[in-house]
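Source file: data_18.txt. Holds: compact mmCIF, C-alpha atoms and all ligand atoms.
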# COMPACT_ATOMS: atom_id res chain seq x y z
CA MET W 35 125.00 129.36 111.34
CA ILE W 36 121.90 128.73 113.39
CA HIS W 37 119.73 131.82 113.79
CA ARG W 38 116.92 132.00 116.32
CA LEU W 39 113.63 133.36 114.96
CA ARG W 40 111.15 134.20 117.72
CA ILE W 41 107.58 133.60 116.59
CA PRO W 42 104.52 134.59 118.66
CA THR W 43 101.94 131.95 119.58
CA PRO W 44 98.47 132.18 121.18
CA PHE W 45 99.58 129.54 123.72
CA VAL W 46 100.39 130.08 127.38
CA VAL W 47 103.98 129.00 126.71
CA GLY W 48 104.59 132.28 124.81
CA PRO W 49 106.79 132.62 121.71
CA VAL W 50 108.19 129.56 119.96
CA ASN W 51 111.61 129.35 118.32
CA ALA W 52 111.97 128.64 114.63
CA TRP W 53 115.55 128.25 113.43
CA LEU W 54 117.15 129.43 110.23
CA VAL W 55 120.11 127.19 109.49
CA SER W 56 122.26 128.91 106.87
CA GLY W 57 125.57 128.17 105.23
CA GLY W 58 127.20 126.66 102.16
CA GLY W 59 124.53 128.16 99.93
CA ASP W 60 121.69 126.41 101.79
CA HIS W 61 118.98 127.87 103.98
CA THR W 62 116.78 125.44 105.94
CA LEU W 63 113.94 126.43 108.25
CA VAL W 64 113.51 124.27 111.35
CA ASP W 65 109.95 124.67 112.75
CA THR W 66 107.61 127.36 111.54
CA GLY W 67 105.43 128.74 114.32
CA PRO W 68 101.63 128.50 114.34
CA ASP W 69 99.33 129.31 111.44
CA THR W 70 98.41 132.88 112.41
CA PRO W 71 98.91 136.17 110.54
CA GLU W 72 101.08 137.38 113.47
CA ALA W 73 103.35 134.34 113.25
CA ARG W 74 103.64 134.67 109.48
CA ALA W 75 104.54 138.37 109.71
CA ALA W 76 107.11 137.61 112.44
CA LEU W 77 108.63 134.79 110.39
CA ASP W 78 108.92 136.91 107.24
CA ALA W 79 110.45 139.78 109.21
CA ALA W 80 112.90 137.54 111.07
CA LEU W 81 114.02 135.84 107.86
CA ALA W 82 114.43 139.25 106.19
CA GLU W 83 116.78 140.32 109.00
CA HIS W 84 119.10 137.60 107.70
CA GLY W 85 118.51 138.57 104.07
CA VAL W 86 116.40 135.48 103.39
CA GLN W 87 112.92 135.01 101.96
CA LEU W 88 110.80 131.87 102.07
CA ARG W 89 111.57 131.18 98.41
CA ASN W 90 115.30 131.05 99.23
CA LEU W 91 114.78 128.08 101.55
CA SER W 92 115.52 124.52 100.46
CA LYS W 93 113.14 122.82 102.90
CA ILE W 94 111.27 122.92 106.17
CA VAL W 95 112.19 120.47 108.92
CA CYS W 96 109.82 120.05 111.89
CA THR W 97 111.06 118.87 115.28
CA HIS W 98 107.53 117.63 116.02
CA GLY W 99 103.95 118.16 114.97
CA HIS W 100 102.57 120.44 117.67
CA ALA W 101 100.66 123.49 116.50
CA ASP W 102 103.18 126.01 117.83
CA HIS W 103 106.06 124.33 115.96
CA CYS W 104 104.49 123.01 112.77
CA GLY W 105 101.27 125.02 112.50
CA GLN W 106 102.06 127.06 109.40
CA ALA W 107 104.16 124.43 107.63
CA ASN W 108 101.21 123.48 105.44
CA ARG W 109 100.45 127.04 104.38
CA ILE W 110 104.10 127.78 103.61
CA ALA W 111 104.52 124.50 101.71
CA ALA W 112 101.37 125.20 99.68
CA GLU W 113 102.57 128.71 98.80
CA THR W 114 106.18 127.91 98.01
CA GLY W 115 106.30 124.22 97.15
CA LEU W 116 108.89 123.68 99.88
CA PRO W 117 109.11 120.08 101.07
CA LEU W 118 108.44 119.27 104.73
CA TRP W 119 110.74 116.82 106.46
CA ALA W 120 109.70 115.27 109.77
CA HIS W 121 109.93 111.95 111.59
CA GLY W 122 107.69 109.23 110.17
CA ASP W 123 106.11 108.56 113.58
CA GLU W 124 104.74 112.11 113.55
CA ARG W 125 102.30 111.34 110.73
CA ALA W 126 99.22 111.09 112.97
CA LEU W 127 99.86 114.63 114.19
CA ILE W 128 101.25 116.31 111.08
CA GLU W 129 99.30 114.56 108.34
CA GLY W 130 96.31 113.33 110.34
CA GLY W 131 95.98 116.47 112.45
CA GLN W 132 95.06 114.20 115.40
CA HIS W 133 95.74 116.77 118.10
CA LEU W 134 92.36 116.58 119.83
CA GLU W 135 91.89 112.92 118.96
CA MET W 136 94.95 112.03 121.03
CA VAL W 137 93.34 113.67 124.06
CA LEU W 138 89.82 112.41 123.32
CA ARG W 139 91.12 108.83 123.08
CA GLN W 140 92.07 109.21 126.75
CA ARG W 141 88.64 110.38 127.90
CA GLU W 142 87.47 107.14 129.56
CA PHE W 143 90.95 106.45 130.93
CA ALA W 144 91.14 109.92 132.48
CA LEU W 145 87.59 109.97 133.88
CA ALA W 146 88.14 106.53 135.42
CA ARG W 147 91.14 108.02 137.23
CA GLY W 148 89.24 110.87 138.77
CA PHE W 149 89.47 113.67 136.20
CA PRO W 150 86.11 115.50 136.57
CA GLU W 151 83.91 115.20 133.49
CA ASP W 152 82.95 118.89 133.40
CA LEU W 153 86.61 119.86 133.61
CA PHE W 154 87.41 117.45 130.79
CA GLU W 155 84.79 119.12 128.58
CA LYS W 156 86.16 122.56 129.50
CA SER W 157 89.73 121.46 128.76
CA ILE W 158 88.66 120.07 125.38
CA ALA W 159 86.86 123.34 124.58
CA TYR W 160 89.97 125.27 125.62
CA TYR W 161 92.28 123.22 123.40
CA SER W 162 89.79 123.12 120.49
CA ALA W 163 89.68 126.90 120.49
CA LEU W 164 93.45 126.94 119.95
CA LEU W 165 93.55 124.38 117.20
CA HIS W 166 92.67 126.71 114.35
CA VAL W 167 96.38 127.56 114.30
CA VAL W 168 97.40 124.26 112.71
CA SER W 169 96.35 122.50 109.54
CA PRO W 170 97.46 119.07 108.33
CA ALA W 171 100.56 119.03 106.16
CA ARG W 172 102.16 116.33 104.03
CA ILE W 173 105.53 114.96 105.06
CA ALA W 174 107.56 114.87 101.85
CA ARG W 175 110.47 113.07 103.47
CA PRO W 176 109.81 110.91 106.54
CA LEU W 177 112.91 110.97 108.72
CA ALA W 178 114.25 108.13 110.84
CA ASP W 179 116.70 107.84 113.70
CA GLY W 180 120.28 108.00 112.48
CA ASP W 181 119.49 109.86 109.25
CA ARG W 182 121.97 112.56 108.35
CA ILE W 183 120.35 115.54 106.75
CA PRO W 184 122.03 118.50 105.07
CA MET W 185 121.21 121.87 106.59
CA GLY W 186 123.15 125.09 106.17
CA GLY W 187 126.24 123.36 104.79
CA SER W 188 126.46 120.84 107.68
CA ASP W 189 125.23 117.30 108.12
CA PHE W 190 122.82 117.08 111.03
CA LEU W 191 122.20 113.77 112.76
CA VAL W 192 118.53 112.95 113.38
CA ILE W 193 118.08 111.62 116.92
CA HIS W 194 114.63 110.17 117.55
CA THR W 195 113.51 111.24 121.04
CA PRO W 196 109.91 110.04 121.53
CA GLY W 197 107.90 110.92 124.62
CA HIS W 198 106.67 114.48 124.20
CA THR W 199 105.23 113.26 120.90
CA PRO W 200 105.81 109.92 119.13
CA GLY W 201 108.03 111.40 116.43
CA SER W 202 109.89 114.17 118.28
CA ILE W 203 113.44 114.57 117.01
CA CYS W 204 116.60 116.38 118.02
CA LEU W 205 119.02 117.54 115.32
CA LEU W 206 122.71 117.40 116.13
CA ASP W 207 125.49 119.13 114.24
CA ALA W 208 128.35 117.09 115.64
CA ALA W 209 130.93 119.25 113.85
CA ASP W 210 130.21 122.30 115.99
CA GLY W 211 128.35 120.68 118.89
CA SER W 212 124.98 122.36 118.28
CA ILE W 213 121.76 120.54 118.98
CA ILE W 214 118.22 121.66 118.11
CA THR W 215 115.93 119.99 120.62
CA GLY W 216 112.36 121.10 119.88
CA ASP W 217 110.30 120.54 123.02
CA THR W 218 112.31 117.49 124.10
CA LEU W 219 114.80 119.56 126.06
CA LEU W 220 113.96 123.09 127.14
CA GLY W 221 115.97 125.38 129.34
CA ARG W 222 113.86 126.75 132.16
CA ILE W 223 110.59 124.98 131.34
CA THR W 224 109.99 121.31 132.07
CA THR W 225 108.76 119.37 129.05
CA ASN W 226 105.37 117.74 129.43
CA ALA W 227 105.53 114.12 128.36
CA PHE W 228 101.78 113.57 128.72
CA PHE W 229 100.80 109.99 129.47
CA ARG W 230 100.30 106.92 127.42
CA GLY W 231 97.12 105.67 129.06
CA ASN W 232 95.35 103.38 126.62
CA ASP W 233 97.11 104.80 123.58
CA PRO W 234 98.56 101.95 121.50
CA CYS W 235 101.46 104.19 120.47
CA GLU W 236 104.57 103.43 122.52
CA GLY W 237 106.29 106.68 121.63
CA ILE W 238 104.30 108.83 123.97
CA GLY W 239 104.42 109.26 127.72
CA LEU W 240 106.89 109.75 130.51
CA LYS W 241 108.43 106.29 130.25
CA ALA W 242 109.36 106.84 126.59
CA TYR W 243 110.45 110.40 127.40
CA GLN W 244 112.73 109.33 130.24
CA ALA W 245 114.36 106.79 127.89
CA SER W 246 114.95 109.62 125.39
CA ILE W 247 116.49 111.78 128.11
CA ARG W 248 118.80 108.93 129.13
CA ARG W 249 119.75 108.65 125.48
CA LEU W 250 120.58 112.34 125.24
CA ALA W 251 122.57 111.99 128.47
CA SER W 252 124.62 109.27 126.81
CA LEU W 253 125.23 111.70 123.96
CA ALA W 254 126.59 114.13 126.52
CA ALA W 255 129.10 111.41 127.35
CA GLY W 256 130.07 111.08 123.69
CA VAL W 257 128.03 108.09 122.49
CA VAL W 258 124.35 107.85 121.61
CA SER W 259 122.98 104.68 123.14
CA PRO W 260 120.34 102.64 121.33
CA LEU W 261 116.76 103.77 121.76
CA SER W 262 115.71 100.39 123.08
CA PRO W 263 117.93 97.93 124.99
CA ALA W 264 117.08 95.32 122.36
CA GLY W 265 118.95 97.38 119.79
CA GLY W 266 116.95 98.50 116.80
CA GLU W 267 117.31 102.21 116.51
CA GLY W 268 120.39 103.90 117.79
CA GLY W 269 123.92 102.94 118.52
CA LEU W 270 125.05 106.16 116.90
CA ARG W 271 128.66 106.20 117.89
CA GLY W 272 131.16 108.91 118.41
CA GLU W 273 128.94 111.96 118.65
CA GLY W 274 129.16 114.91 121.01
CA PRO W 275 130.17 116.80 123.00
CA VAL W 276 127.34 119.31 122.81
CA ARG W 277 128.32 122.94 123.21
CA GLU W 278 125.06 124.72 122.56
CA VAL W 279 121.42 123.70 122.94
CA HIS W 280 118.79 125.39 120.77
CA PRO W 281 115.43 124.64 122.46
CA GLY W 282 111.88 125.06 121.14
CA HIS W 283 111.15 127.83 123.63
CA GLY W 284 113.49 130.28 125.34
CA ARG W 285 117.10 131.18 124.75
CA SER W 286 119.86 128.88 123.56
CA PHE W 287 122.08 127.64 126.35
CA PRO W 288 125.36 125.77 126.76
CA GLU W 289 124.47 123.58 129.77
CA PHE W 290 123.44 120.38 127.99
CA ARG W 291 124.51 117.79 130.54
CA ALA W 292 123.51 119.88 133.58
CA THR W 293 120.04 120.51 132.13
CA LEU W 294 119.52 116.79 131.50
CA GLU W 295 120.64 116.01 135.05
CA LYS W 296 118.36 118.70 136.47
CA LEU W 297 115.46 117.24 134.52
CA GLN W 298 116.20 113.74 135.78
CA SER W 299 116.35 114.95 139.37
CA HIS W 300 113.10 116.89 138.84
CA HIS W 301 111.49 113.62 137.67
CA ARG W 302 112.80 111.79 140.75
CA GLU W 303 111.51 114.56 143.01
CA ARG W 304 108.05 114.56 141.39
CA ALA W 305 107.88 110.76 141.65
CA GLY W 306 108.69 111.21 145.35
CA HIS W 307 105.80 113.67 145.70
CA VAL W 308 103.43 111.19 144.06
CA LEU W 309 104.58 108.44 146.43
CA ALA W 310 104.29 110.77 149.43
CA ALA W 311 100.72 111.67 148.41
CA LEU W 312 99.89 107.96 148.62
CA ALA W 313 101.44 107.51 152.07
CA ALA W 314 98.11 107.82 153.89
CA GLY W 315 96.28 105.42 151.57
CA PRO W 316 95.06 105.03 147.99
CA LYS W 317 94.19 108.04 145.87
CA ASP W 318 93.08 108.44 142.30
CA ALA W 319 95.26 110.44 139.93
CA PHE W 320 93.19 113.60 140.27
CA GLU W 321 93.36 113.45 144.07
CA ILE W 322 97.13 113.22 143.74
CA VAL W 323 97.07 116.35 141.53
CA GLN W 324 95.11 118.13 144.25
CA ALA W 325 97.59 116.97 146.88
CA ILE W 326 100.77 118.07 145.12
CA PHE W 327 99.81 121.05 142.92
CA PRO W 328 98.37 124.42 144.03
CA ARG W 329 94.55 124.39 144.18
CA ASP W 330 94.10 127.36 141.86
CA LEU W 331 95.77 125.94 138.74
CA PRO W 332 94.49 127.66 135.59
CA LEU W 333 92.47 125.53 133.16
CA SER W 334 95.41 125.43 130.76
CA GLU W 335 97.52 123.75 133.45
CA ILE W 336 95.11 121.27 135.05
CA TRP W 337 95.16 118.73 132.23
CA LEU W 338 98.96 119.03 132.00
CA ALA W 339 99.32 118.49 135.77
CA PHE W 340 97.01 115.47 135.55
CA ALA W 341 98.99 114.11 132.59
CA ASP W 342 102.20 114.60 134.54
CA VAL W 343 100.88 112.64 137.54
CA LEU W 344 99.57 109.85 135.30
CA GLY W 345 102.93 109.69 133.56
CA HIS W 346 104.67 109.22 136.90
CA LEU W 347 102.09 106.63 137.98
CA GLU W 348 102.79 104.64 134.80
CA VAL W 349 106.53 104.71 135.50
CA LEU W 350 106.03 103.87 139.20
CA GLU W 351 103.70 101.01 138.27
CA ALA W 352 106.31 99.62 135.90
CA GLU W 353 108.86 99.86 138.74
CA ARG W 354 106.38 98.06 141.03
CA ALA W 355 106.41 100.97 143.44
CA VAL W 356 102.66 101.59 143.06
CA MET W 357 99.74 99.46 141.93
CA ALA W 358 96.33 100.26 140.52
CA VAL W 359 93.44 99.23 142.75
CA PRO W 360 89.72 99.34 141.97
CA ARG W 361 87.72 101.84 144.01
CA ASN W 362 84.03 102.60 143.53
CA GLY W 363 84.12 101.41 139.94
CA ARG W 364 87.14 103.58 139.21
CA THR W 365 90.91 103.21 139.45
CA ALA W 366 92.94 104.44 142.38
CA TYR W 367 96.59 103.83 143.19
CA ARG W 368 98.29 102.55 146.28
CA ARG W 369 101.90 102.11 147.23
CA CYS W 370 103.29 98.62 146.94
CA PRO W 371 104.85 97.33 150.12
CA SER W 372 108.61 97.46 149.69
CA PRO W 373 110.14 94.01 149.37
CA GLY W 374 110.74 92.44 152.76
CA SER W 375 108.32 94.73 154.61
CA ALA W 376 105.72 93.18 156.87
CA ALA W 377 102.81 95.01 155.31
CA VAL W 378 99.71 92.92 154.82
CA LEU W 379 98.13 93.15 151.41
ZN ZN W 401 105.39 120.37 121.72
ZN ZN W 402 106.36 123.84 122.00
Conversion result in structure tokens:
Amino acid sequence: MIHRLRIPTPFVVGPVNAWLVSGGGDHTLVDTGPDTPEARAALDAALAEHGVQLRNLSKIVCTHGHADHCGQANRIAAETGLPLWAHGDERALIEGGQHLEMVLRQREFALARGFPEDLFEKSIAYYSALLHVVSPARIARPLADGDRIPMGGSDFLVIHTPGHTPGSICLLDAADGSIITGDTLLGRITTNAFFRGNDPCEGIGLKAYQASIRRLASLAAGVVSPLSPAGGEGGLRGEGPVREVHPGHGRSFPEFRATLEKLQSHHRERAGHVLAALAAGPKDAFEIVQAIFPRDLPLSEIWLAFADVLGHLEVLEAERAVMAVPRNGRTAYRRCPSPGSAAVL
């Protein structure tokens, strides 16, 4: 049985879901909520509703290392000795605590693409203020794509779905068609895939995220395709169909395939908006944000909107639909002439 435990967070997104997976004498906690007294009280109370205490758990599994999902894993592990299982690629976030570093690494990249410096400092201050709700934790068992892990009397398949974070995972119980998706697939909210920029890690950004979504879509058709066309991870055959999605935020829902398709069409639509914003000539990424988002975005949303546009620009650049052009010592983007058009470069 998968039980939803709603845990409050100080983030704009609202409560996060932790999951108690129980059965066959095992209780596993998937995600923990942030490291706040409110989250801890809510977790204890929610577990107690199912007659479980932290000491009855066998382990903690984290879908990814963000503060709202993994924030109190360290405190719980220190108190109880419970092992934390998470994907190996999530080490920088979970063990290194590199939440701000990942954003700071993108400072020059973002400023060169029009993000105002004062707004960058304000965004950093905003996120720093929230980061007391996570502390680094040790991953006792690094998970990998294709691992099968015992939870609540079932074997769950670990599906590596990078993009939102490098080591985001989904956990599939093929026997009853349940999938726990973390922030990789949400119901009503669109996942932010951030952007890769100059980050050497390939597992972050919209391009990686779209590949993960295609992979989940193949699962909807009954086969998990490899993570990369060259093979490597993946080729997990014979899984699915999925009957119930348990997302990181919001209610569980049955529409797995339809939600993936909606997400893909949302991505196509947003890419179309980015291209349309460039119809009258080159713009930098921040000018595109101003063209396609409302002017009065709250501070918490501006960086995410910028990241979203940069993610689409990276994908469109790879598809040769747009190209980066230098402008006043910075980087702007222009549409590439479609093949066969008479446009003069
Ligand atoms: Zn997240
Ligand atoms: Zn989240």
Could you please extract the residues within 8 Å of ligand ZN 402 (chain W), counting all atoms listed in the file, and hand them back as a list of chain:residue names?
W:Val47, W:Val50, W:His100, W:Ala101, W:Asp102, W:His103, W:Gly216, W:Asp217, W:Gly282, W:His283
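Those residues that approach segment 156-162 of chain W to within 9 Å, counting all atoms listed in the file, are Leu134, Val137, Leu138, Glu151, Asp152, His166, Leu333, Ser334, Ile336 and Trp337 of chain W; same-chain residues fewer than 4 positions away are not listed.
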Just to be explicit: take each residue in the selection above, keep C-alpha atoms, and write the result as a PDB file, keeping the file's coordinate frame.
ATOM      1  CA  LEU W 134      92.360 116.580 119.830  1.00  0.00           C
ATOM      2  CA  VAL W 137      93.340 113.670 124.060  1.00  0.00           C
ATOM      3  CA  LEU W 138      89.820 112.410 123.320  1.00  0.00           C
ATOM      4  CA  GLU W 151      83.910 115.200 133.490  1.00  0.00           C
ATOM      5  CA  ASP W 152      82.950 118.890 133.400  1.00  0.00           C
ATOM      6  CA  HIS W 166      92.670 126.710 114.350  1.00  0.00           C
ATOM      7  CA  LEU W 333      92.470 125.530 133.160  1.00  0.00           C
ATOM      8  CA  SER W 334      95.410 125.430 130.760  1.00  0.00           C
ATOM      9  CA  ILE W 336      95.110 121.270 135.050  1.00  0.00           C
ATOM     10  CA  TRP W 337      95.160 118.730 132.230  1.00  0.00           C
TER      11      TRP W 337
END
Do you know which residues are within 12 Å of ligand ZN 401 (chain W) using only C-alpha atoms and all ligand atoms? Can you write them as JSON, numbers by chain?
{"W": [45, 47, 50, 51, 65, 67, 68, 96, 97, 98, 99, 100, 101, 102, 103, 104, 105, 124, 127, 133, 196, 197, 198, 199, 200, 201, 202, 203, 215, 216, 217, 218, 219, 220, 223, 224, 225, 226, 227, 228, 238, 281, 282, 283]}
Residues within 7 Å of Ile128 of chain W, only C-alpha atoms, excluding chain neighbours under 2 positions, as a list in words
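The contact residues come out as Gly99, Glu124, Arg125, Ala126, Gly130, Gly131, Pro170 and Ala171 of chain W.
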Measure the distance from atom CA of Leu153 of chain W to atom CA of Glu321 of chain W in Å and round it to one decimal.
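So the answer is 14.0 Å.
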Of the residues W:Gly306, W:Gly85, W:Gly345, W:Gly115, which is the one nearest to Ala242 of chain W, using all atoms listed in the file?
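Under the stated criterion, the closest residue is W:Gly345.
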Selected residue of minimal separation from Val55 of chain W among W:Arg175, W:His121, W:Arg230, W:His280, counting only C-alpha atoms
W:His280
Edge lengths and centre, in Å to one decimal, as AutoDock Vina command-line options: that's what I need for the box along x, y and z that holds all listed atoms of segment 193-209 of chain W plus 6 Å on each side.
--center_x 118.1 --center_y 114.6 --center_z 119.2 --size_x 37.7 --size_y 21.3 --size_z 22.8
Name the residues, using the chain letters and numbers of the file, that sit within 10 Å of (97.9, 116.4, 144.5) when counting only C-alpha atoms, and give them as an mmCIF file with C-alpha atoms, keeping the file's coordinate frame.
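Output contents, as saved in selection_5.cif:
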data_model
loop_
_atom_site.group_PDB
_atom_site.id
_atom_site.type_symbol
_atom_site.label_atom_id
_atom_site.label_comp_id
_atom_site.auth_asym_id
_atom_site.auth_seq_id
_atom_site.Cartn_x
_atom_site.Cartn_y
_atom_site.Cartn_z
ATOM 1 C CA HIS W 307 105.800 113.670 145.700
ATOM 2 C CA VAL W 308 103.430 111.190 144.060
ATOM 3 C CA ALA W 310 104.290 110.770 149.430
ATOM 4 C CA ALA W 311 100.720 111.670 148.410
ATOM 5 C CA LEU W 312 99.890 107.960 148.620
ATOM 6 C CA LYS W 317 94.190 108.040 145.870
ATOM 7 C CA ASP W 318 93.080 108.440 142.300
ATOM 8 C CA ALA W 319 95.260 110.440 139.930
ATOM 9 C CA PHE W 320 93.190 113.600 140.270
ATOM 10 C CA GLU W 321 93.360 113.450 144.070
ATOM 11 C CA ILE W 322 97.130 113.220 143.740
ATOM 12 C CA VAL W 323 97.070 116.350 141.530
ATOM 13 C CA GLN W 324 95.110 118.130 144.250
ATOM 14 C CA ALA W 325 97.590 116.970 146.880
ATOM 15 C CA ILE W 326 100.770 118.070 145.120
ATOM 16 C CA PHE W 327 99.810 121.050 142.920
ATOM 17 C CA PRO W 328 98.370 124.420 144.030
ATOM 18 C CA ARG W 329 94.550 124.390 144.180
ATOM 19 C CA ALA W 339 99.320 118.490 135.770
ATOM 20 C CA PHE W 340 97.010 115.470 135.550
ATOM 21 C CA VAL W 343 100.880 112.640 137.540
#
Quick one: distance from atom CA of Val167 of chain W to atom CA of Gln106 of chain W in Å, one decimal?
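Spanning atom CA of Val167 of chain W to atom CA of Gln106 of chain W is a straight-line distance of 7.5 Å.
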